[in-house]
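Read the structure below first, then the notes.
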Amino acid sequence: MSVELLQGTLDMLVLRTLQFGPAHGHQVAKHIQRTTDNVLQVEHGSLYPALHRLERKGWIESRWETAADQKREFKYYRLTAAGKNQLAAEESKWKQLSGAIAQVMGT
C-alpha cells in the first residue's frame with residue numbers, strides 16, 4: 001500500500017531519522033520503511049529534494065565519506081543544532097495535529 005505523506009511530514013521523518021546518527025540517503029529511506037512496517041516507502045524523487053531543502057535551511061549538513069567497506073563514498077547527512085530545535089517544534093505540532101484528528105475520528 002502506498003500512503004501519501006502530508007506536506008512537511010517527510011521533512012519531520014528525515015530529521016527524526018537523523019536524530020539517531022549520520023546516514024546516507026538510502027539508509028534514511030530504508031529506516032523510514034523499516035520502522036513503519038513498509039507502510040511508508042520514500043522514493044528517491046521525494047527524498048533527495050527533501051534532503052537538499054533541509055540542508056538549505058541549515059537543519060542538516062552533509063559530508064562525503066568513505067563507506068565502512070572502503071569501496072565507495074556516500075554523502076552522509078547529520079542533524080544540526082538548528083535541526084534538533086526544528087524537530088522538537090515539528091514533533092509538538094504533529095502531536096497536536098494527530099490528537100485533533102483522533103478526536104474527529106472518535107478514537
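For the C-alpha cells, the naming scheme is as follows: chains receive sequential letters (A, B, ...) according to their order of presentation, residues are indexed from 1 within each chain, and ligands are indexed from 1 in presentation order.
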* Extract the full set of alpha helix (DSSP H) residues from range 4-107 of chain A according to DSSP on the backbone, and format it as number ranges by chain. => A: 9-18, 25-35, 44-56, 81-105
* Asked: Which residues, written as a list in words, have at least one atom at most 10 Å from range 29-37 of chain A, with only C-alpha atoms counted and residues fewer than 5 positions away on the same chain left out?
  -> Leu10, Leu13, Val14, Arg16, Thr17, Leu18, Ala23, His24, Val42, Glu43, His44, Leu47 and Tyr48 of chain A
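Minimum distance to Tyr76 in chain A across A:Leu54, A:Gln103, A:Asn38, A:Gly25 (counting only C-alpha atoms) occurs at A:Gly25.
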* If you count only C-alpha atoms, which residues fall within 10 Å of Gly83 in chain A, apart from same-chain ones fewer than 4 positions away, as number ranges by chain? -> A: 12, 15-16, 18-19, 54-55, 57-61, 78-79, 87-89
